[in-house]
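Peer 1: For reference, the file upload34.csv (CSV, C-alpha atoms) is included below:
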chain,number,residue,atom,x,y,z
U,14,MET,CA,-20.0,49.8,-58.8
U,15,LEU,CA,-21.1,46.2,-58.4
U,16,PRO,CA,-22.2,45.2,-61.9
U,17,LYS,CA,-25.2,43.2,-63.0
U,18,LEU,CA,-22.9,40.3,-63.6
U,19,VAL,CA,-22.5,39.7,-59.9
U,20,SER,CA,-26.2,40.0,-58.9
U,21,LEU,CA,-27.1,37.6,-61.7
U,22,ALA,CA,-24.8,35.0,-60.2
U,23,ARG,CA,-25.5,35.7,-56.6
U,24,SER,CA,-29.1,35.4,-55.3
U,25,PRO,CA,-30.4,31.9,-55.7
U,26,THR,CA,-27.0,30.3,-55.2
U,27,LEU,CA,-26.3,31.1,-51.5
U,28,PRO,CA,-27.6,27.7,-50.1
U,29,VAL,CA,-25.6,25.9,-52.7
U,30,ALA,CA,-22.5,27.8,-51.8
U,31,TRP,CA,-23.0,27.1,-48.1
U,32,GLY,CA,-23.5,23.4,-48.9
U,33,LEU,CA,-20.3,23.3,-50.9
U,34,PHE,CA,-18.4,25.1,-48.1
U,35,LEU,CA,-19.7,22.5,-45.6
U,36,VAL,CA,-18.9,19.5,-47.9
U,37,VAL,CA,-15.3,20.7,-48.4
U,38,LEU,CA,-14.9,21.5,-44.8
U,39,ALA,CA,-16.1,18.1,-43.8
U,40,VAL,CA,-13.7,16.3,-46.2
U,41,ARG,CA,-10.8,18.4,-44.9
U,42,LEU,CA,-11.8,17.8,-41.2
U,43,PHE,CA,-12.0,14.0,-41.9
U,44,CYS,CA,-8.4,14.2,-43.2
U,45,LEU,CA,-7.3,16.5,-40.3
U,46,PHE,CA,-8.7,14.2,-37.6
U,47,GLN,CA,-7.0,11.2,-39.2
U,48,LEU,CA,-3.7,13.1,-39.2
U,49,ALA,CA,-4.2,14.2,-35.6
U,50,ASP,CA,-4.7,10.6,-34.6
U,51,SER,CA,-1.4,9.6,-36.1
U,52,GLN,CA,2.2,10.3,-35.1
U,53,PHE,CA,2.7,12.7,-38.0
U,54,LEU,CA,0.8,15.7,-36.6
U,55,ILE,CA,3.9,17.1,-35.0
U,56,PRO,CA,6.3,18.0,-37.9
U,57,GLN,CA,9.4,15.8,-38.1
U,58,GLY,CA,11.1,17.1,-41.2
U,59,GLY,CA,11.0,19.2,-44.3
U,60,ASP,CA,9.4,22.5,-44.7
U,61,MET,CA,6.8,21.9,-42.0
U,62,LEU,CA,9.6,21.4,-39.4
U,63,PHE,CA,11.3,24.5,-40.7
U,64,TYR,CA,8.2,26.7,-40.3
U,65,ASN,CA,7.3,25.1,-37.0
U,66,ASP,CA,10.8,25.6,-35.5
U,67,TRP,CA,10.9,29.2,-36.8
U,68,ALA,CA,7.5,29.9,-35.2
U,69,LEU,CA,8.7,28.4,-31.9
U,70,ARG,CA,11.8,30.6,-31.9
U,71,ILE,CA,9.5,33.7,-32.5
U,72,LEU,CA,7.2,32.6,-29.8
U,73,HIS,CA,10.2,32.4,-27.4
U,74,GLY,CA,11.1,36.0,-28.2
U,75,GLN,CA,13.6,35.6,-31.0
U,76,TRP,CA,11.9,37.9,-33.4
U,77,THR,CA,14.9,38.4,-35.7
U,78,ASP,CA,18.4,37.1,-36.1
U,79,HIS,CA,19.4,40.5,-37.5
U,80,THR,CA,20.2,39.1,-41.0
U,81,ALA,CA,17.9,39.3,-44.0
U,82,PHE,CA,15.2,36.7,-44.1
U,83,TYR,CA,16.4,33.5,-45.6
U,84,GLY,CA,13.0,31.9,-46.2
U,85,LEU,CA,9.7,33.7,-46.5
U,86,PRO,CA,8.7,34.9,-43.0
U,87,LEU,CA,4.9,35.4,-43.0
U,88,TYR,CA,3.8,31.9,-42.3
U,89,ALA,CA,6.3,31.4,-39.4
U,90,TYR,CA,5.0,34.6,-37.8
U,91,LEU,CA,1.4,33.6,-38.4
U,92,LEU,CA,2.0,30.2,-36.8
U,93,ALA,CA,3.7,32.0,-33.9
U,94,GLY,CA,0.6,34.2,-33.5
U,95,ILE,CA,-1.7,31.1,-33.6
U,96,TYR,CA,0.4,29.2,-31.0
U,97,LYS,CA,0.4,32.3,-28.8
U,98,VAL,CA,-3.4,32.5,-28.8
U,99,PHE,CA,-4.4,28.8,-28.8
U,100,GLY,CA,-1.2,27.1,-27.4
U,101,PHE,CA,1.2,24.9,-29.3
U,102,SER,CA,-0.7,22.5,-31.6
U,103,PRO,CA,-0.4,22.0,-35.3
U,104,PHE,CA,-4.1,21.1,-35.2
U,105,ILE,CA,-5.3,24.7,-35.0
U,106,PRO,CA,-3.5,25.9,-38.2
U,107,GLY,CA,-4.9,22.8,-39.9
U,108,LEU,CA,-8.4,23.7,-38.8
U,109,ILE,CA,-8.0,27.3,-40.0
U,110,GLN,CA,-6.7,26.1,-43.3
U,111,SER,CA,-9.5,23.6,-43.7
U,112,ILE,CA,-12.0,26.5,-43.3
U,113,LEU,CA,-10.0,28.5,-45.9
U,114,GLU,CA,-10.3,25.5,-48.2
U,115,GLY,CA,-14.1,25.7,-47.9
U,116,GLY,CA,-13.8,29.3,-48.9
U,117,THR,CA,-11.7,28.4,-51.9
U,118,ALA,CA,-14.3,25.9,-53.1
U,119,VAL,CA,-17.0,28.6,-52.8
U,120,ILE,CA,-14.9,31.0,-54.9
U,121,ILE,CA,-14.3,28.3,-57.5
U,122,TYR,CA,-18.1,27.7,-57.7
U,123,ARG,CA,-18.8,31.4,-57.9
U,124,LEU,CA,-16.1,31.9,-60.6
U,125,ALA,CA,-17.6,29.1,-62.7
U,126,LEU,CA,-21.0,30.6,-62.3
U,127,LEU,CA,-19.8,34.1,-63.4
U,128,VAL,CA,-17.9,32.7,-66.4
U,129,LEU,CA,-20.3,30.0,-67.5
U,130,VAL,CA,-23.7,31.3,-66.6
U,131,ALA,CA,-23.9,35.0,-65.7
U,132,ARG,CA,-21.8,36.3,-68.6
U,133,PRO,CA,-23.4,34.3,-71.4
U,134,LEU,CA,-26.8,35.3,-70.0
U,135,LEU,CA,-25.8,38.9,-70.0
U,136,HIS,CA,-24.5,38.8,-73.5
U,137,LEU,CA,-27.8,37.1,-74.6
U,138,ARG,CA,-29.8,39.9,-73.0
U,139,GLN,CA,-27.6,42.6,-74.6
U,140,ARG,CA,-28.0,40.9,-78.0
U,141,ARG,CA,-31.8,40.7,-77.5
U,142,ARG,CA,-31.9,44.4,-76.5
U,143,ARG,CA,-29.9,45.3,-79.6
U,144,ALA,CA,-31.9,43.2,-82.0
U,145,PRO,CA,-35.1,45.4,-82.2
U,146,ALA,CA,-33.0,48.5,-82.8
U,147,ILE,CA,-31.3,46.9,-85.7
U,148,ALA,CA,-34.6,45.7,-87.0
U,149,ARG,CA,-36.0,49.2,-86.8
U,150,ARG,CA,-33.2,50.5,-89.1
K,3,MET,CA,-23.9,22.4,-62.3
K,4,ILE,CA,-20.3,22.8,-63.7
K,5,GLY,CA,-19.6,25.1,-60.8
K,6,VAL,CA,-20.8,22.5,-58.3
K,7,LEU,CA,-18.7,19.8,-60.0
K,8,ALA,CA,-15.6,22.0,-59.9
K,9,ALA,CA,-16.1,22.7,-56.2
K,10,ILE,CA,-16.7,19.0,-55.4
K,11,GLY,CA,-13.6,18.2,-57.5
K,12,TRP,CA,-11.7,20.6,-55.3
K,13,ALA,CA,-13.0,18.8,-52.2
K,14,PHE,CA,-11.3,15.6,-53.4
K,15,PHE,CA,-8.3,17.0,-55.0
K,16,GLN,CA,-5.6,15.1,-53.2
K,17,PRO,CA,-2.8,17.8,-53.2
K,18,ALA,CA,-5.2,20.3,-51.8
K,19,GLU,CA,-6.3,17.9,-49.1
K,20,SER,CA,-2.7,17.3,-48.1
K,21,TYR,CA,-1.6,20.9,-48.1
K,22,SER,CA,-4.6,22.0,-46.1
K,23,ILE,CA,-3.8,19.9,-43.0
K,24,ILE,CA,0.0,20.4,-42.8
K,25,LEU,CA,2.1,23.3,-41.7
K,26,MET,CA,2.6,24.9,-45.1
K,27,PRO,CA,1.3,28.2,-46.4
K,28,THR,CA,0.1,26.8,-49.7
K,29,THR,CA,-3.6,26.8,-48.7
K,30,TRP,CA,-3.5,30.5,-47.9
K,31,LEU,CA,-1.9,31.3,-51.3
K,32,VAL,CA,-4.5,29.2,-53.2
K,33,PHE,CA,-7.3,31.0,-51.4
K,34,VAL,CA,-5.9,34.5,-52.1
K,35,PHE,CA,-5.1,33.6,-55.7
K,36,TRP,CA,-8.6,32.5,-56.5
K,37,TYR,CA,-10.1,35.4,-54.6
K,38,LEU,CA,-8.2,37.8,-56.7
K,39,VAL,CA,-9.0,36.0,-60.0
K,40,TRP,CA,-12.7,36.1,-59.0
K,41,SER,CA,-12.3,39.8,-58.3
K,42,VAL,CA,-10.9,40.4,-61.8
K,43,VAL,CA,-13.8,38.5,-63.4
K,44,ARG,CA,-16.6,39.9,-61.4
K,45,TYR,CA,-16.0,43.6,-62.2
K,46,ARG,CA,-16.7,45.2,-65.6
K,47,GLU,CA,-15.6,48.7,-64.6
K,48,LEU,CA,-12.5,49.8,-62.8
K,49,PRO,CA,-13.0,49.1,-59.1
K,50,SER,CA,-12.5,52.0,-56.6
K,51,LEU,CA,-9.0,53.1,-55.8
K,52,GLY,CA,-9.5,51.9,-52.2
K,53,ARG,CA,-10.4,48.4,-53.6
K,54,LEU,CA,-7.4,48.4,-55.9
K,55,LEU,CA,-5.2,49.4,-52.9
K,56,SER,CA,-6.6,46.5,-50.9
K,57,TYR,CA,-5.8,44.1,-53.8
K,58,GLY,CA,-2.3,45.4,-53.8
K,59,LEU,CA,-2.0,45.0,-50.0
K,60,VAL,CA,-3.3,41.5,-50.2
K,61,VAL,CA,-0.8,40.6,-52.9
K,62,GLY,CA,2.0,42.2,-50.9
K,63,ILE,CA,1.2,40.6,-47.6
K,64,THR,CA,0.7,37.2,-49.2
K,65,ALA,CA,4.0,37.5,-51.0
K,66,MET,CA,5.7,37.5,-47.6
K,67,GLY,CA,4.4,33.9,-47.3
K,68,ILE,CA,4.6,32.6,-50.9
K,69,ALA,CA,6.1,34.9,-53.5
K,70,THR,CA,4.3,33.0,-56.3
K,71,ILE,CA,1.4,35.4,-55.8
K,72,LEU,CA,3.5,38.1,-57.4
K,73,LEU,CA,2.7,36.4,-60.7
K,74,LEU,CA,-0.8,37.8,-60.3
K,75,ILE,CA,0.4,41.4,-60.6
K,76,PRO,CA,0.6,41.2,-64.5
K,77,LEU,CA,-2.9,39.8,-64.5
K,78,LEU,CA,-4.2,42.7,-62.4
K,79,LEU,CA,-2.4,45.2,-64.5
K,80,LEU,CA,-3.8,43.7,-67.6
K,81,ALA,CA,-7.3,43.8,-66.1
K,82,ILE,CA,-6.9,47.5,-65.4
K,83,LEU,CA,-5.5,48.1,-68.9
K,84,LEU,CA,-7.8,45.9,-71.0
K,85,ARG,CA,-10.7,44.5,-69.0
K,86,TRP,CA,-12.1,47.1,-66.7
K,87,LYS,CA,-13.7,50.1,-68.4
K,88,SER,CA,-12.4,53.5,-67.4
K,89,THR,CA,-10.5,56.6,-68.6
K,90,THR,CA,-6.7,56.5,-69.3
K,91,SER,CA,-5.9,58.7,-66.3
K,92,TRP,CA,-7.9,56.6,-63.9
K,93,ARG,CA,-6.3,53.5,-65.2
K,94,ALA,CA,-2.8,54.9,-64.7
K,95,LEU,CA,-3.7,56.0,-61.2
K,96,GLY,CA,-5.2,52.6,-60.5
K,97,MET,CA,-2.0,50.8,-61.6
K,98,ALA,CA,0.1,53.1,-59.4
K,99,VAL,CA,-2.2,52.5,-56.4
K,100,LEU,CA,-2.1,48.7,-57.0
K,101,LEU,CA,1.7,48.7,-57.1
K,102,GLY,CA,1.9,51.0,-54.1
K,103,GLY,CA,-0.4,48.6,-52.2
K,104,VAL,CA,2.0,45.7,-53.1
K,105,LEU,CA,5.0,47.6,-51.7
K,106,LEU,CA,3.1,48.6,-48.6
K,107,GLY,CA,1.8,45.1,-48.0
K,108,ALA,CA,5.3,43.6,-48.2
K,109,SER,CA,6.8,46.4,-46.2
K,110,PRO,CA,7.4,44.5,-43.0
K,111,ALA,CA,9.8,42.2,-44.9
K,112,TRP,CA,11.7,44.8,-46.8
K,113,ILE,CA,11.8,47.2,-43.8
K,114,HIS,CA,13.2,44.4,-41.7
K,115,ASN,CA,15.8,43.5,-44.3
K,116,TYR,CA,16.8,47.1,-45.1
K,117,PHE,CA,16.8,48.7,-41.7
K,118,VAL,CA,17.3,45.8,-39.2
K,119,ALA,CA,19.6,43.5,-41.2
K,120,HIS,CA,21.1,46.3,-43.4
K,121,ASP,CA,20.8,44.1,-46.5
K,122,ARG,CA,19.2,45.1,-49.8
K,123,VAL,CA,16.7,42.2,-50.0
K,124,PHE,CA,13.0,42.7,-50.9
K,125,LEU,CA,11.4,39.6,-49.4
K,126,SER,CA,13.9,36.8,-48.7
K,127,ALA,CA,17.4,35.9,-49.9
K,128,HIS,CA,16.8,32.3,-50.6
K,129,SER,CA,16.2,32.7,-54.3
K,130,GLY,CA,19.8,32.1,-55.3
K,131,VAL,CA,20.0,28.6,-53.7
K,132,ASN,CA,16.5,27.8,-55.1
K,133,PHE,CA,17.8,28.7,-58.6
K,134,TRP,CA,20.9,26.4,-58.0
K,135,ILE,CA,18.6,23.5,-56.9
K,136,GLY,CA,16.8,23.8,-60.3
K,137,ASN,CA,19.9,24.6,-62.4
K,138,ASN,CA,22.7,22.3,-61.2
K,139,PRO,CA,24.3,19.5,-63.2
K,140,VAL,CA,22.2,16.8,-61.6
K,141,ALA,CA,18.9,18.7,-61.7
K,142,THR,CA,15.9,16.7,-62.9
K,143,GLY,CA,13.2,19.4,-62.8
K,144,TYR,CA,11.8,17.9,-59.6
K,145,PRO,CA,12.8,18.7,-56.0
K,146,LYS,CA,16.2,17.1,-55.6
K,147,PHE,CA,18.9,18.4,-53.4
K,148,PRO,CA,22.2,18.8,-55.3
K,149,PRO,CA,25.4,17.2,-53.8
K,150,GLY,CA,26.8,19.2,-51.0
K,151,LEU,CA,23.4,20.4,-49.6
K,152,HIS,CA,21.6,18.2,-47.1
K,153,ALA,CA,17.9,17.3,-47.7
K,154,GLY,CA,15.5,19.3,-45.5
K,155,GLN,CA,14.8,22.9,-45.6
K,156,GLU,CA,16.6,24.0,-42.5
K,157,ALA,CA,19.8,21.9,-43.0
K,158,MET,CA,19.9,22.9,-46.7
K,159,LEU,CA,19.7,26.6,-45.9
K,160,LYS,CA,22.4,26.3,-43.3
K,161,ASP,CA,24.6,24.3,-45.8
K,162,SER,CA,24.0,26.9,-48.4
K,163,ILE,CA,25.3,29.6,-46.1
K,164,THR,CA,28.4,27.8,-44.9
K,165,THR,CA,29.4,26.6,-48.4
K,166,ALA,CA,29.1,30.1,-49.8
K,167,GLU,CA,31.0,31.6,-46.9
K,168,LYS,CA,33.7,28.9,-47.2
K,169,ALA,CA,34.1,29.7,-50.9
K,170,ALA,CA,34.3,33.4,-50.2
K,171,GLY,CA,36.6,33.0,-47.2
K,172,ARG,CA,34.6,35.4,-45.1
K,173,SER,CA,31.3,35.9,-43.5
K,174,LEU,CA,28.6,36.9,-46.1
K,175,LYS,CA,25.4,38.9,-46.0
K,176,ARG,CA,22.4,36.8,-47.0
K,177,SER,CA,22.1,38.7,-50.3
K,178,GLU,CA,25.7,37.8,-51.1
K,179,VAL,CA,25.0,34.1,-50.3
K,180,SER,CA,22.0,34.3,-52.7
K,181,ALA,CA,24.2,36.0,-55.4
K,182,TYR,CA,26.8,33.2,-54.9
K,183,TRP,CA,24.3,30.4,-55.7
K,184,ALA,CA,22.7,32.3,-58.5
K,185,GLN,CA,26.1,32.7,-60.0
K,186,GLN,CA,26.7,28.9,-59.7
K,187,GLY,CA,23.4,28.3,-61.6
K,188,THR,CA,24.1,30.8,-64.3
K,189,ARG,CA,27.7,29.6,-64.7
K,190,LEU,CA,26.3,26.2,-65.8
K,191,ASP,CA,24.4,28.1,-68.6
K,192,ARG,CA,27.3,30.2,-69.6
K,193,GLU,CA,30.2,27.7,-69.4
K,194,SER,CA,28.8,24.9,-71.4
K,195,SER,CA,25.8,24.8,-73.7
K,196,THR,CA,26.3,21.0,-73.9
K,197,ARG,CA,25.9,20.6,-70.1
K,198,LEU,CA,22.9,23.0,-70.2
K,199,ALA,CA,21.3,20.9,-72.9
K,200,GLN,CA,22.0,17.7,-70.9
K,201,VAL,CA,20.4,19.1,-67.8
K,202,SER,CA,17.4,20.3,-69.9
K,203,ARG,CA,17.1,16.9,-71.6
K,204,SER,CA,17.3,15.0,-68.3
K,205,LYS,CA,14.5,17.3,-66.9
K,206,ASP,CA,12.4,16.6,-70.0
K,207,GLN,CA,13.0,12.8,-69.7
K,208,GLU,CA,12.1,12.8,-66.1
K,209,LEU,CA,8.9,14.7,-66.8
K,210,LEU,CA,7.9,12.4,-69.6
K,211,GLU,CA,8.6,9.3,-67.5
K,212,ARG,CA,6.4,10.6,-64.7
K,213,LEU,CA,3.7,11.6,-67.1
K,214,SER,CA,3.7,8.2,-68.7
K,215,VAL,CA,3.4,6.6,-65.3
Please express the file's structure as structure tokens.
Peer 2:
Amino acid sequence: MLPKLVSLARSPTLPVAWGLFLVVLAVRLFCLFQLADSQFLIPQGGDMLFYNDWALRILHGQWTDHTAFYGLPLYAYLLAGIYKVFGFSPFIPGLIQSILEGGTAVIIYRLALLVLVARPLLHLRQRRRRAPAIARR
Amino acid sequence: MIGVLAAIGWAFFQPAESYSIILMPTTWLVFVFWYLVWSVVRYRELPSLGRLLSYGLVVGITAMGIATILLLIPLLLLAILLRWKSTTSWRALGMAVLLGGVLLGASPAWIHNYFVAHDRVFLSAHSGVNFWIGNNPVATGYPKFPPGLHAGQEAMLKDSITTAEKAAGRSLKRSEVSAYWAQQGTRLDRESSTRLAQVSRSKDQELLERLSV
């Protein structure tokens, strides 16, 4: 099911993809460590405090308040799970998100490769294959 | 080269930097969004039903964190209809499987709302107050809490419930609170086209000013 398009864009690019992943991860970690060194790591307001407080309530056993969700619940439950495993620290979610950001950069790279390199190459090959057939007619 | 530049651009894109290190689900949404877009682009034939189910599940699960991901459903449906090669019956089956996956993925939220809270809410009931924030007489098109609602997510949500219950004179389900605020927002549209035009103009002005800065 995997078409030629993917294999065309895949093989020689793996080291580049890993390199990009590591660059983005390094940039994000630099920012994360700077935040961790400041007073702002622990949420003090806004949406961050909202999710953090909700996660702490879940962690303390308050799974539901028996009314429909009034705010999307997944992130609060995810945070609660992370706090349960690693202990309470907003650093760990930041670390996981930094890794995800590296993944996003790799996807952007691969996407550009598919759209800008692999597909035009494939079209070119198809055109070349068709050309002799037309000439024979 | 363009791919490398795009990825490096992402590395230094300031909003992405900020959102990745704070307690917000945005990074997860962005990752899932681009993963699904990449999935649409990389296939030329209809993926297997299992894969389509997994796409639906991913969209459904992510929607419980950020509902914006639901905007990808039309893209995936269009990919099934127009992009991926297959027969009509497989396409129809694929669409059904994809949508089934979305419902299944989001099921923890709607099962909680329907069966635990006994309220007919699919994901969350805060859409009404969000609509009011964007469609009140002093809306600018940018996040700005209207008079009567405190700034800050938690305080604002609490205010929105107490205000709606005060107006109704009784305790309300969350879906009723949402309906109250949606009604406030649509009332602005219905009652006065002049006021609606003013709000729209003020949003446009604000946008132009910020763009010119």
Peer 1: Taking only C-alpha atoms into account, report as a PyMOL selection string which residues of chain K lie within 7 Å of chain U.
Peer 2: chain K and resi 4-6+8-9+12-13+19+22-27+29+33+36-37+40+44-46+66-68+115+118-119+121+123+125-128+154-156+176
Peer 1: CA of Trp92 in chain K to CA of Val39 in chain K: how many Å, to one decimal?
Peer 2: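 Computing it gives 21.0 Å between the two atoms.
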Peer 1: One decimal, Å: what's the distance from CA of Leu69 in chain U over to CA of Val60 in chain K, could you say?
Peer 2: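 For CA of Leu69 in chain U relative to CA of Val60 in chain K, the distance reads 25.5 Å.
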Peer 1: CA of His152 in chain K and CA of Lys205 in chain K, how far apart in Å?
Peer 2: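 Computed distance, CA of Lys205 in chain K to CA of His152 in chain K, equals 21.1 Å.
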Peer 1: Which one of K:His120, K:Trp134, K:Gly103, K:Val32 sits closest to Trp183 in chain K if you count all atoms listed in the file?
Peer 2: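 Of all the options, K:Trp134 lies closest to Trp183 in chain K.
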Peer 1: Given all atoms listed in the file as the basis, pick out the residue of K:Thr188, K:Tyr116, K:Met3, K:Pro49 nearest to Lys175 in chain K.
Peer 2: K:Tyr116
Peer 1: Give as a JSON list (two decimals) with C-alpha atoms, keeping the file's coordinate frame each residue that has an atom at most 9 Å from (-13.3, 46.2, -65.1) in the file, counting all atoms listed in the file.
Peer 2:
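Listing of point.json after writing:
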[["chain", "number", "residue", "atom", "x", "y", "z"],
["K", 42, "VAL", "CA", -10.90, 40.40, -61.80],
["K", 43, "VAL", "CA", -13.80, 38.50, -63.40],
["K", 44, "ARG", "CA", -16.60, 39.90, -61.40],
["K", 45, "TYR", "CA", -16.00, 43.60, -62.20],
["K", 46, "ARG", "CA", -16.70, 45.20, -65.60],
["K", 47, "GLU", "CA", -15.60, 48.70, -64.60],
["K", 48, "LEU", "CA", -12.50, 49.80, -62.80],
["K", 49, "PRO", "CA", -13.00, 49.10, -59.10],
["K", 81, "ALA", "CA", -7.30, 43.80, -66.10],
["K", 82, "ILE", "CA", -6.90, 47.50, -65.40],
["K", 83, "LEU", "CA", -5.50, 48.10, -68.90],
["K", 84, "LEU", "CA", -7.80, 45.90, -71.00],
["K", 85, "ARG", "CA", -10.70, 44.50, -69.00],
["K", 86, "TRP", "CA", -12.10, 47.10, -66.70],
["K", 87, "LYS", "CA", -13.70, 50.10, -68.40],
["K", 88, "SER", "CA", -12.40, 53.50, -67.40]]
